[in-house]
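Printed here is work-v8.pdb (PDB, C-alpha atoms):
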ATOM      1  CA  MET A   1      28.154 110.170  60.435  1.00  0.00           C
ATOM      2  CA  ASP A   2      24.993 111.358  62.186  1.00  0.00           C
ATOM      3  CA  GLY A   3      25.551 111.800  65.890  1.00  0.00           C
ATOM      4  CA  ALA A   4      29.280 112.425  65.482  1.00  0.00           C
ATOM      5  CA  CYS A   5      30.688 115.677  66.801  1.00  0.00           C
ATOM      6  CA  TRP A   6      34.095 116.889  65.697  1.00  0.00           C
ATOM      7  CA  ILE A   7      34.130 120.099  67.711  1.00  0.00           C
ATOM      8  CA  ALA A   8      36.600 119.856  70.585  1.00  0.00           C
ATOM      9  CA  LEU A   9      35.398 119.874  74.167  1.00  0.00           C
ATOM     10  CA  LEU A  10      38.860 119.269  75.646  1.00  0.00           C
ATOM     11  CA  LYS A  11      39.546 122.936  76.438  1.00  0.00           C
ATOM     12  CA  PRO A  12      36.828 125.581  76.841  1.00  0.00           C
ATOM     13  CA  ILE A  13      38.909 128.212  75.035  1.00  0.00           C
ATOM     14  CA  MET A  14      39.455 126.032  71.959  1.00  0.00           C
ATOM     15  CA  TRP A  15      36.647 126.265  69.445  1.00  0.00           C
ATOM     16  CA  LEU A  16      37.310 123.360  67.154  1.00  0.00           C
ATOM     17  CA  PHE A  17      39.269 120.129  66.857  1.00  0.00           C
ATOM     18  CA  PHE A  18      42.921 121.004  66.163  1.00  0.00           C
ATOM     19  CA  GLU A  19      46.370 119.828  67.116  1.00  0.00           C
ATOM     20  CA  PRO A  20      48.214 121.856  69.802  1.00  0.00           C
ATOM     21  CA  GLY A  21      49.473 125.097  68.290  1.00  0.00           C
ATOM     22  CA  LEU A  22      46.813 125.259  65.600  1.00  0.00           C
ATOM     23  CA  SER A  23      43.532 127.112  65.524  1.00  0.00           C
ATOM     24  CA  PRO A  24      40.524 127.632  63.274  1.00  0.00           C
ATOM     25  CA  GLY A  25      39.570 130.905  61.578  1.00  0.00           C
ATOM     26  CA  GLU A  26      38.695 134.497  62.685  1.00  0.00           C
ATOM     27  CA  ILE A  27      39.381 138.062  61.425  1.00  0.00           C
ATOM     28  CA  ILE A  28      42.425 139.985  62.683  1.00  0.00           C
ATOM     29  CA  GLY A  29      43.415 143.430  61.386  1.00  0.00           C
ATOM     30  CA  GLY A  30      40.182 143.998  59.491  1.00  0.00           C
ATOM     31  CA  TRP A  31      37.175 146.302  59.628  1.00  0.00           C
ATOM     32  CA  GLU A  32      33.382 146.144  59.735  1.00  0.00           C
ATOM     33  CA  ALA A  33      31.873 145.148  56.404  1.00  0.00           C
ATOM     34  CA  LYS A  34      29.194 147.272  54.771  1.00  0.00           C
ATOM     35  CA  PRO A  35      25.888 145.714  55.895  1.00  0.00           C
ATOM     36  CA  HIS A  36      24.753 142.968  53.479  1.00  0.00           C
ATOM     37  CA  SER A  37      27.552 143.706  50.998  1.00  0.00           C
ATOM     38  CA  ARG A  38      28.429 140.008  51.241  1.00  0.00           C
ATOM     39  CA  SER A  39      24.942 138.589  50.787  1.00  0.00           C
ATOM     40  CA  TYR A  40      26.327 135.046  50.351  1.00  0.00           C
ATOM     41  CA  MET A  41      27.676 134.871  53.917  1.00  0.00           C
ATOM     42  CA  ALA A  42      26.139 132.344  56.297  1.00  0.00           C
ATOM     43  CA  HIS A  43      26.406 132.476  60.080  1.00  0.00           C
ATOM     44  CA  LEU A  44      26.300 128.945  61.491  1.00  0.00           C
ATOM     45  CA  ALA A  45      25.254 127.992  65.022  1.00  0.00           C
ATOM     46  CA  ILE A  46      26.700 124.549  65.747  1.00  0.00           C
ATOM     47  CA  GLN A  47      25.430 122.400  68.587  1.00  0.00           C
ATOM     48  CA  CYS A  48      27.945 119.939  70.046  1.00  0.00           C
ATOM     49  CA  LYS A  49      26.467 118.036  72.973  1.00  0.00           C
ATOM     50  CA  GLU A  50      25.530 120.775  75.477  1.00  0.00           C
ATOM     51  CA  LYS A  51      27.683 123.520  73.934  1.00  0.00           C
ATOM     52  CA  THR A  52      27.086 125.882  71.001  1.00  0.00           C
ATOM     53  CA  TYR A  53      29.816 127.231  68.718  1.00  0.00           C
ATOM     54  CA  ILE A  54      29.954 129.322  65.559  1.00  0.00           C
ATOM     55  CA  CYS A  55      31.474 128.929  62.114  1.00  0.00           C
ATOM     56  CA  GLY A  56      31.075 130.675  58.792  1.00  0.00           C
ATOM     57  CA  GLY A  57      29.832 129.378  55.476  1.00  0.00           C
ATOM     58  CA  PHE A  58      28.610 130.647  52.112  1.00  0.00           C
ATOM     59  CA  LEU A  59      25.522 130.103  49.996  1.00  0.00           C
ATOM     60  CA  VAL A  60      26.308 128.406  46.671  1.00  0.00           C
ATOM     61  CA  SER A  61      22.740 127.522  45.643  1.00  0.00           C
ATOM     62  CA  GLU A  62      19.271 128.059  47.057  1.00  0.00           C
ATOM     63  CA  LYS A  63      19.554 124.823  49.066  1.00  0.00           C
ATOM     64  CA  PHE A  64      23.283 124.397  49.711  1.00  0.00           C
ATOM     65  CA  VAL A  65      25.901 126.065  51.900  1.00  0.00           C
ATOM     66  CA  LEU A  66      29.612 125.291  51.621  1.00  0.00           C
ATOM     67  CA  MET A  67      31.796 125.305  54.744  1.00  0.00           C
ATOM     68  CA  ALA A  68      34.671 123.533  56.530  1.00  0.00           C
ATOM     69  CA  ALA A  69      34.351 119.868  57.500  1.00  0.00           C
ATOM     70  CA  HIS A  70      35.913 120.427  60.926  1.00  0.00           C
ATOM     71  CA  CYS A  71      32.820 122.475  61.859  1.00  0.00           C
ATOM     72  CA  TYR A  72      30.743 119.278  61.880  1.00  0.00           C
ATOM     73  CA  GLY A  73      28.499 119.090  64.974  1.00  0.00           C
ATOM     74  CA  ASP A  74      25.426 117.283  66.282  1.00  0.00           C
ATOM     75  CA  LYS A  75      23.134 120.006  64.902  1.00  0.00           C
ATOM     76  CA  ILE A  76      23.730 123.024  62.646  1.00  0.00           C
ATOM     77  CA  THR A  77      21.429 125.994  62.100  1.00  0.00           C
ATOM     78  CA  VAL A  78      22.095 128.404  59.208  1.00  0.00           C
ATOM     79  CA  TYR A  79      21.419 132.150  59.417  1.00  0.00           C
ATOM     80  CA  LEU A  80      21.405 134.002  56.089  1.00  0.00           C
ATOM     81  CA  GLY A  81      21.047 137.745  55.483  1.00  0.00           C
ATOM     82  CA  ALA A  82      22.771 138.587  58.768  1.00  0.00           C
ATOM     83  CA  HIS A  83      25.009 141.533  59.596  1.00  0.00           C
ATOM     84  CA  ASN A  84      24.566 142.072  63.333  1.00  0.00           C
ATOM     85  CA  ILE A  85      24.169 138.585  64.762  1.00  0.00           C
ATOM     86  CA  LYS A  86      23.132 139.902  68.187  1.00  0.00           C
ATOM     87  CA  GLN A  87      19.999 141.516  66.722  1.00  0.00           C
ATOM     88  CA  GLN A  88      16.879 140.007  65.167  1.00  0.00           C
ATOM     89  CA  GLU A  89      17.255 141.732  61.814  1.00  0.00           C
ATOM     90  CA  GLN A  90      14.281 141.506  59.451  1.00  0.00           C
ATOM     91  CA  SER A  91      16.688 140.464  56.709  1.00  0.00           C
ATOM     92  CA  GLN A  92      17.715 137.277  58.501  1.00  0.00           C
ATOM     93  CA  GLN A  93      16.544 133.843  57.395  1.00  0.00           C
ATOM     94  CA  LYS A  94      16.923 131.009  59.898  1.00  0.00           C
ATOM     95  CA  ILE A  95      17.046 127.640  58.140  1.00  0.00           C
ATOM     96  CA  PRO A  96      17.656 124.195  59.709  1.00  0.00           C
ATOM     97  CA  VAL A  97      20.087 121.822  58.007  1.00  0.00           C
ATOM     98  CA  ARG A  98      18.656 118.654  56.470  1.00  0.00           C
ATOM     99  CA  SER A  99      21.945 116.906  55.601  1.00  0.00           C
ATOM    100  CA  ARG A 100      25.608 117.418  56.499  1.00  0.00           C
ATOM    101  CA  ILE A 101      27.964 116.053  53.843  1.00  0.00           C
ATOM    102  CA  PRO A 102      31.658 116.266  54.804  1.00  0.00           C
ATOM    103  CA  HIS A 103      34.145 115.257  52.143  1.00  0.00           C
ATOM    104  CA  PRO A 104      34.537 111.455  52.374  1.00  0.00           C
ATOM    105  CA  LYS A 105      38.333 111.762  52.621  1.00  0.00           C
ATOM    106  CA  TYR A 106      38.405 114.513  55.244  1.00  0.00           C
ATOM    107  CA  ASN A 107      41.139 113.855  57.815  1.00  0.00           C
ATOM    108  CA  ARG A 108      40.888 115.896  61.009  1.00  0.00           C
ATOM    109  CA  LYS A 109      44.470 115.071  61.994  1.00  0.00           C
ATOM    110  CA  THR A 110      46.120 116.240  58.777  1.00  0.00           C
ATOM    111  CA  HIS A 111      43.361 118.770  57.882  1.00  0.00           C
ATOM    112  CA  LYS A 112      43.205 117.390  54.342  1.00  0.00           C
ATOM    113  CA  ASN A 113      39.943 117.768  52.385  1.00  0.00           C
ATOM    114  CA  ASP A 114      38.516 120.094  55.048  1.00  0.00           C
ATOM    115  CA  ILE A 115      35.318 120.938  53.197  1.00  0.00           C
ATOM    116  CA  MET A 116      31.633 120.149  53.724  1.00  0.00           C
ATOM    117  CA  LEU A 117      28.280 120.753  52.039  1.00  0.00           C
ATOM    118  CA  LEU A 118      25.119 121.532  53.988  1.00  0.00           C
ATOM    119  CA  GLN A 119      21.762 120.752  52.410  1.00  0.00           C
ATOM    120  CA  LEU A 120      19.175 123.166  53.789  1.00  0.00           C
ATOM    121  CA  GLU A 121      15.743 122.038  54.970  1.00  0.00           C
ATOM    122  CA  HIS A 122      14.144 124.392  52.453  1.00  0.00           C
ATOM    123  CA  LYS A 123      15.247 126.865  49.796  1.00  0.00           C
ATOM    124  CA  ALA A 124      16.677 130.220  50.795  1.00  0.00           C
ATOM    125  CA  GLU A 125      14.700 133.222  49.602  1.00  0.00           C
ATOM    126  CA  LEU A 126      17.074 135.165  47.370  1.00  0.00           C
ATOM    127  CA  ASN A 127      16.852 138.960  47.617  1.00  0.00           C
ATOM    128  CA  GLU A 128      19.096 142.007  48.149  1.00  0.00           C
ATOM    129  CA  GLN A 129      20.309 140.678  51.515  1.00  0.00           C
ATOM    130  CA  VAL A 130      20.597 136.976  50.615  1.00  0.00           C
ATOM    131  CA  GLY A 131      22.410 135.904  47.473  1.00  0.00           C
ATOM    132  CA  LEU A 132      24.726 133.331  45.918  1.00  0.00           C
ATOM    133  CA  ILE A 133      28.447 133.455  45.241  1.00  0.00           C
ATOM    134  CA  LEU A 134      30.177 131.965  42.222  1.00  0.00           C
ATOM    135  CA  LEU A 135      32.385 128.902  42.534  1.00  0.00           C
ATOM    136  CA  PRO A 136      35.585 128.575  40.483  1.00  0.00           C
ATOM    137  CA  LEU A 137      36.067 126.297  37.517  1.00  0.00           C
ATOM    138  CA  ALA A 138      37.432 122.850  38.341  1.00  0.00           C
ATOM    139  CA  HIS A 139      41.181 123.000  39.078  1.00  0.00           C
ATOM    140  CA  GLN A 140      41.326 126.762  38.475  1.00  0.00           C
ATOM    141  CA  ARG A 141      44.475 128.308  39.975  1.00  0.00           C
ATOM    142  CA  VAL A 142      44.858 131.631  41.793  1.00  0.00           C
ATOM    143  CA  GLN A 143      48.183 133.304  41.061  1.00  0.00           C
ATOM    144  CA  PRO A 144      50.465 134.148  44.018  1.00  0.00           C
ATOM    145  CA  GLY A 145      50.290 137.861  44.752  1.00  0.00           C
ATOM    146  CA  THR A 146      46.544 138.060  44.110  1.00  0.00           C
ATOM    147  CA  VAL A 147      44.776 140.148  46.769  1.00  0.00           C
ATOM    148  CA  CYS A 148      41.545 138.531  47.937  1.00  0.00           C
ATOM    149  CA  SER A 149      39.242 139.073  50.920  1.00  0.00           C
ATOM    150  CA  VAL A 150      37.721 137.090  53.749  1.00  0.00           C
ATOM    151  CA  ALA A 151      34.911 137.890  56.184  1.00  0.00           C
ATOM    152  CA  GLY A 152      33.378 136.490  59.344  1.00  0.00           C
ATOM    153  CA  TRP A 153      32.051 137.001  62.848  1.00  0.00           C
ATOM    154  CA  GLY A 154      35.112 135.525  64.583  1.00  0.00           C
ATOM    155  CA  ARG A 155      37.379 137.156  67.137  1.00  0.00           C
ATOM    156  CA  THR A 156      39.273 140.284  66.100  1.00  0.00           C
ATOM    157  CA  ASP A 157      42.170 139.799  68.523  1.00  0.00           C
ATOM    158  CA  ALA A 158      44.150 136.646  69.284  1.00  0.00           C
ATOM    159  CA  LEU A 159      44.175 137.486  73.017  1.00  0.00           C
ATOM    160  CA  SER A 160      40.499 138.390  73.347  1.00  0.00           C
ATOM    161  CA  LYS A 161      37.563 136.020  73.768  1.00  0.00           C
ATOM    162  CA  VAL A 162      35.027 138.705  72.801  1.00  0.00           C
ATOM    163  CA  LEU A 163      33.264 138.188  69.477  1.00  0.00           C
ATOM    164  CA  PRO A 164      32.142 141.130  67.319  1.00  0.00           C
ATOM    165  CA  ASP A 165      28.423 141.679  66.813  1.00  0.00           C
ATOM    166  CA  THR A 166      28.827 142.631  63.152  1.00  0.00           C
ATOM    167  CA  LEU A 167      30.449 141.021  60.110  1.00  0.00           C
ATOM    168  CA  GLN A 168      34.146 141.878  59.780  1.00  0.00           C
ATOM    169  CA  GLU A 169      36.289 141.693  56.640  1.00  0.00           C
ATOM    170  CA  VAL A 170      39.942 141.972  55.618  1.00  0.00           C
ATOM    171  CA  ASP A 171      42.044 141.856  52.447  1.00  0.00           C
ATOM    172  CA  LEU A 172      44.685 139.119  52.249  1.00  0.00           C
ATOM    173  CA  LYS A 173      47.383 138.195  49.757  1.00  0.00           C
ATOM    174  CA  VAL A 174      47.634 134.731  48.221  1.00  0.00           C
ATOM    175  CA  LEU A 175      51.167 133.385  48.658  1.00  0.00           C
ATOM    176  CA  ASP A 176      53.282 130.851  46.846  1.00  0.00           C
ATOM    177  CA  ASN A 177      53.014 127.330  48.293  1.00  0.00           C
ATOM    178  CA  GLU A 178      56.624 127.572  49.486  1.00  0.00           C
ATOM    179  CA  ALA A 179      55.603 130.111  52.143  1.00  0.00           C
ATOM    180  CA  CYS A 180      53.654 127.372  53.945  1.00  0.00           C
ATOM    181  CA  LEU A 181      55.868 124.419  52.997  1.00  0.00           C
ATOM    182  CA  LYS A 182      58.864 126.199  54.586  1.00  0.00           C
ATOM    183  CA  TYR A 183      56.996 127.581  57.591  1.00  0.00           C
ATOM    184  CA  PRO A 184      59.259 127.413  60.708  1.00  0.00           C
ATOM    185  CA  GLY A 185      58.960 124.451  63.033  1.00  0.00           C
ATOM    186  CA  GLY A 186      57.172 122.213  60.566  1.00  0.00           C
ATOM    187  CA  MET A 187      53.816 123.775  61.478  1.00  0.00           C
ATOM    188  CA  TYR A 188      52.478 123.003  58.008  1.00  0.00           C
ATOM    189  CA  ARG A 189      54.088 119.619  57.535  1.00  0.00           C
ATOM    190  CA  ASN A 190      50.739 118.311  56.247  1.00  0.00           C
ATOM    191  CA  TYR A 191      50.334 121.093  53.679  1.00  0.00           C
ATOM    192  CA  ASN A 192      49.071 119.712  50.369  1.00  0.00           C
ATOM    193  CA  THR A 193      49.715 121.857  47.286  1.00  0.00           C
ATOM    194  CA  ARG A 194      46.849 120.266  45.340  1.00  0.00           C
ATOM    195  CA  THR A 195      44.097 120.848  47.877  1.00  0.00           C
ATOM    196  CA  MET A 196      45.322 123.808  49.955  1.00  0.00           C
ATOM    197  CA  MET A 197      46.149 127.503  49.528  1.00  0.00           C
ATOM    198  CA  CYS A 198      48.665 129.536  51.538  1.00  0.00           C
ATOM    199  CA  VAL A 199      47.183 132.937  52.387  1.00  0.00           C
ATOM    200  CA  GLY A 200      48.272 136.035  54.303  1.00  0.00           C
ATOM    201  CA  ASP A 201      51.431 138.143  54.149  1.00  0.00           C
ATOM    202  CA  PRO A 202      53.581 137.422  57.249  1.00  0.00           C
ATOM    203  CA  LYS A 203      54.702 141.083  57.182  1.00  0.00           C
ATOM    204  CA  GLU A 204      51.124 142.239  57.817  1.00  0.00           C
ATOM    205  CA  HIS A 205      49.104 141.745  60.993  1.00  0.00           C
ATOM    206  CA  LYS A 206      46.042 140.583  59.039  1.00  0.00           C
ATOM    207  CA  ALA A 207      44.579 137.086  59.099  1.00  0.00           C
ATOM    208  CA  SER A 208      41.577 134.836  59.536  1.00  0.00           C
ATOM    209  CA  PHE A 209      41.381 133.165  62.965  1.00  0.00           C
ATOM    210  CA  ARG A 210      38.966 131.608  65.515  1.00  0.00           C
ATOM    211  CA  GLY A 211      35.254 131.714  64.773  1.00  0.00           C
ATOM    212  CA  ASP A 212      35.646 132.305  61.026  1.00  0.00           C
ATOM    213  CA  SER A 213      36.256 128.745  59.886  1.00  0.00           C
ATOM    214  CA  GLY A 214      34.207 127.735  56.859  1.00  0.00           C
ATOM    215  CA  GLY A 215      33.919 131.209  55.385  1.00  0.00           C
ATOM    216  CA  PRO A 216      35.102 131.919  51.831  1.00  0.00           C
ATOM    217  CA  LEU A 217      38.268 133.552  50.561  1.00  0.00           C
ATOM    218  CA  VAL A 218      36.834 135.684  47.757  1.00  0.00           C
ATOM    219  CA  CYS A 219      39.000 136.620  44.780  1.00  0.00           C
ATOM    220  CA  GLY A 220      37.145 138.967  42.475  1.00  0.00           C
ATOM    221  CA  LYS A 221      33.603 137.626  42.674  1.00  0.00           C
ATOM    222  CA  THR A 222      34.536 133.974  43.187  1.00  0.00           C
ATOM    223  CA  ALA A 223      34.851 131.850  46.352  1.00  0.00           C
ATOM    224  CA  GLN A 224      38.283 130.359  45.729  1.00  0.00           C
ATOM    225  CA  SER A 225      38.923 128.726  49.101  1.00  0.00           C
ATOM    226  CA  VAL A 226      37.545 127.942  52.565  1.00  0.00           C
ATOM    227  CA  VAL A 227      38.996 129.160  55.879  1.00  0.00           C
ATOM    228  CA  THR A 228      40.490 126.153  57.670  1.00  0.00           C
ATOM    229  CA  TRP A 229      43.549 126.306  59.974  1.00  0.00           C
ATOM    230  CA  GLY A 230      46.740 128.025  61.079  1.00  0.00           C
ATOM    231  CA  PRO A 231      48.987 129.002  64.043  1.00  0.00           C
ATOM    232  CA  ASP A 232      47.327 129.413  67.425  1.00  0.00           C
ATOM    233  CA  ASN A 233      48.644 132.975  67.806  1.00  0.00           C
ATOM    234  CA  GLY A 234      46.739 134.241  64.766  1.00  0.00           C
ATOM    235  CA  SER A 235      49.809 135.035  62.683  1.00  0.00           C
ATOM    236  CA  PRO A 236      49.814 134.658  58.870  1.00  0.00           C
ATOM    237  CA  PRO A 237      50.185 132.842  56.594  1.00  0.00           C
ATOM    238  CA  ARG A 238      47.325 130.438  57.186  1.00  0.00           C
ATOM    239  CA  VAL A 239      45.945 127.494  55.239  1.00  0.00           C
ATOM    240  CA  TYR A 240      42.713 127.452  53.227  1.00  0.00           C
ATOM    241  CA  ALA A 241      40.994 124.584  51.399  1.00  0.00           C
ATOM    242  CA  LYS A 242      41.212 125.124  47.624  1.00  0.00           C
ATOM    243  CA  VAL A 243      37.614 125.001  46.338  1.00  0.00           C
ATOM    244  CA  SER A 244      38.524 124.391  42.674  1.00  0.00           C
ATOM    245  CA  THR A 245      39.972 120.985  43.577  1.00  0.00           C
ATOM    246  CA  PHE A 246      36.607 119.888  44.959  1.00  0.00           C
ATOM    247  CA  ILE A 247      34.289 121.173  42.203  1.00  0.00           C
ATOM    248  CA  PRO A 248      33.583 117.677  40.724  1.00  0.00           C
ATOM    249  CA  TRP A 249      32.669 116.359  44.202  1.00  0.00           C
ATOM    250  CA  ILE A 250      30.528 119.424  45.020  1.00  0.00           C
ATOM    251  CA  GLN A 251      28.611 119.183  41.757  1.00  0.00           C
ATOM    252  CA  ALA A 252      28.081 115.438  42.122  1.00  0.00           C
ATOM    253  CA  MET A 253      26.714 115.797  45.669  1.00  0.00           C
ATOM    254  CA  MET A 254      24.360 118.612  44.714  1.00  0.00           C
ATOM    255  CA  ARG A 255      23.012 116.636  41.752  1.00  0.00           C
ATOM    256  CA  ARG A 256      22.529 113.544  43.894  1.00  0.00           C
ATOM    257  CA  LEU A 257      20.692 115.352  46.692  1.00  0.00           C
ATOM    258  CA  GLN A 258      18.653 117.675  44.499  1.00  0.00           C
ATOM    259  CA  PRO A 259      18.270 116.363  40.948  1.00  0.00           C
TER
END

Let's see the structure in the file written out as structure tokens.
Amino acid sequence: MDGACWIALLKPIMWLFFEPGLSPGEIIGGWEAKPHSRSYMAHLAIQCKEKTYICGGFLVSEKFVLMAAHCYGDKITVYLGAHNIKQQEQSQQKIPVRSRIPHPKYNRKTHKNDIMLLQLEHKAELNEQVGLILLPLAHQRVQPGTVCSVAGWGRTDALSKVLPDTLQEVDLKVLDNEACLKYPGGMYRNYNTRTMMCVGDPKEHKASFRGDSGGPLVCGKTAQSVVTWGPDNGSPPRVYAKVSTFIPWIQAMMRRLQP
């Protein structure tokens, strides 16, 4: 897949490859995170032909970052230990990506299996500002009603194109699958209960949105899902890739690339 670029260039205002009416992740209704309180967060600069875009990701081992497959570009650079991405913080580690491994059954039209591993060119230096996050057990389930959190450097308003300098975060509720299966207009007609999670109370103006794709939904101390897609207006609920479904694949890829 080297040389492929899945980031959309059709419309300048669209960040990633999505059907009309859908958009990738960002933070709406949140607040600035405490600096380096989420030491696992990765800020990703993605080169697609002559344009550069951003996504989120999270460090799961010293040499691997997990993120969304739709963030695949020609070149990806990982920044760890970042809080203010507009400043050259001493805590930041800039690491090139050696290998991009999207899930082999990722489908950009249906958004199924929207998950990807990045193998870093060299090990991250773990310290107070750069750390790992736990992954769930294989096929572990998060109960509806559980309040989790998501963070990223994406837009904080659906109508604004301005990106925040600092990491933002918000608390979101995990919903029953029916909330997405019965979403008006068939928006989530491709929703898969085995591989996806429905997240965000429609009564609250809080959601992930553009620029945040690939970041983790954290429940307790575990990365339970990956920010993927949702309505273009930023309204909840939105769909996340369920990490527990992919644990066997993640472990197999990490063993193969780094015995």

**Q.** Neighbour list for segment 114-130 of chain A as a count of residues only, cut-off 9 Å, only C-alpha atoms, skip fewer than 4 positions in-chain
**A.** 52

Q. Written as a ChimeraX atom specification, which residues does the PyMOL selection byres ((chain A and resi 149) around 6) give for the file shown?
A. /A:148,150,170-172,217-218

Q: Measure the distance from atom CA of Gln224 of chain A to atom CA of Arg189 of chain A in Å and round it to one decimal.
A: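 Computing it gives 22.5 Å between the two atoms.
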
Q.
Can you measure atom CA of Thr77 of chain A to atom CA of Leu137 of chain A for me? One decimal in Å is fine.
A.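 So the two atoms, atom CA of Thr77 of chain A and atom CA of Leu137 of chain A, lie 28.6 Å apart.
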
(Q) I'd like to know which of A:Met196, A:Ala151, A:Ala42, A:Leu175 is closest to Ser208 of chain A, using all atoms listed in the file. (A) A:Ala151

Q: Have a look at atom CA of Gly186 of chain A and atom CA of Thr245 of chain A and let me know their distance in Å, one decimal.
A: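 It comes out at 24.2 Å.
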
Q.
Let me make sure I understand: among A:Pro104, A:Gly145, A:Pro184, A:Pro216, which one has the smallest atom-to-atom distance to His43 of chain A if we use all atoms listed in the file?
A.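 That would be A:Pro216, the residue with the smallest distance to His43 of chain A.
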
Q: Using all atoms listed in the file, determine which residues lie at most 8 Å from Asn84 of chain A, disregarding the query and same-chain residues fewer than 6 positions distant; provide the list as a count of residues only.
A: 3

Report as a PDB file with C-alpha atoms, keeping the file's coordinate frame the full result of the PyMOL selection byres ((chain A and resi 238) around 8) when it is applied to this structure.
ATOM      1  CA  CYS A 180      53.654 127.372  53.945  1.00  0.00           C
ATOM      2  CA  CYS A 198      48.665 129.536  51.538  1.00  0.00           C
ATOM      3  CA  VAL A 199      47.183 132.937  52.387  1.00  0.00           C
ATOM      4  CA  GLY A 200      48.272 136.035  54.303  1.00  0.00           C
ATOM      5  CA  ALA A 207      44.579 137.086  59.099  1.00  0.00           C
ATOM      6  CA  SER A 208      41.577 134.836  59.536  1.00  0.00           C
ATOM      7  CA  TRP A 229      43.549 126.306  59.974  1.00  0.00           C
ATOM      8  CA  GLY A 230      46.740 128.025  61.079  1.00  0.00           C
ATOM      9  CA  PRO A 231      48.987 129.002  64.043  1.00  0.00           C
ATOM     10  CA  SER A 235      49.809 135.035  62.683  1.00  0.00           C
ATOM     11  CA  PRO A 236      49.814 134.658  58.870  1.00  0.00           C
ATOM     12  CA  PRO A 237      50.185 132.842  56.594  1.00  0.00           C
ATOM     13  CA  VAL A 239      45.945 127.494  55.239  1.00  0.00           C
ATOM     14  CA  TYR A 240      42.713 127.452  53.227  1.00  0.00           C
TER      15      TYR A 240
END

Q: Check the smallest atom-to-atom distance from each of A:Val147, A:Val60, A:Ile46, A:Ile85 to Leu163 of chain A using all atoms listed in the file, then report the winner.
A: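 Of A:Val147, A:Val60, A:Ile46, A:Ile85, the one nearest Leu163 of chain A, counting all atoms listed in the file, is A:Ile85.
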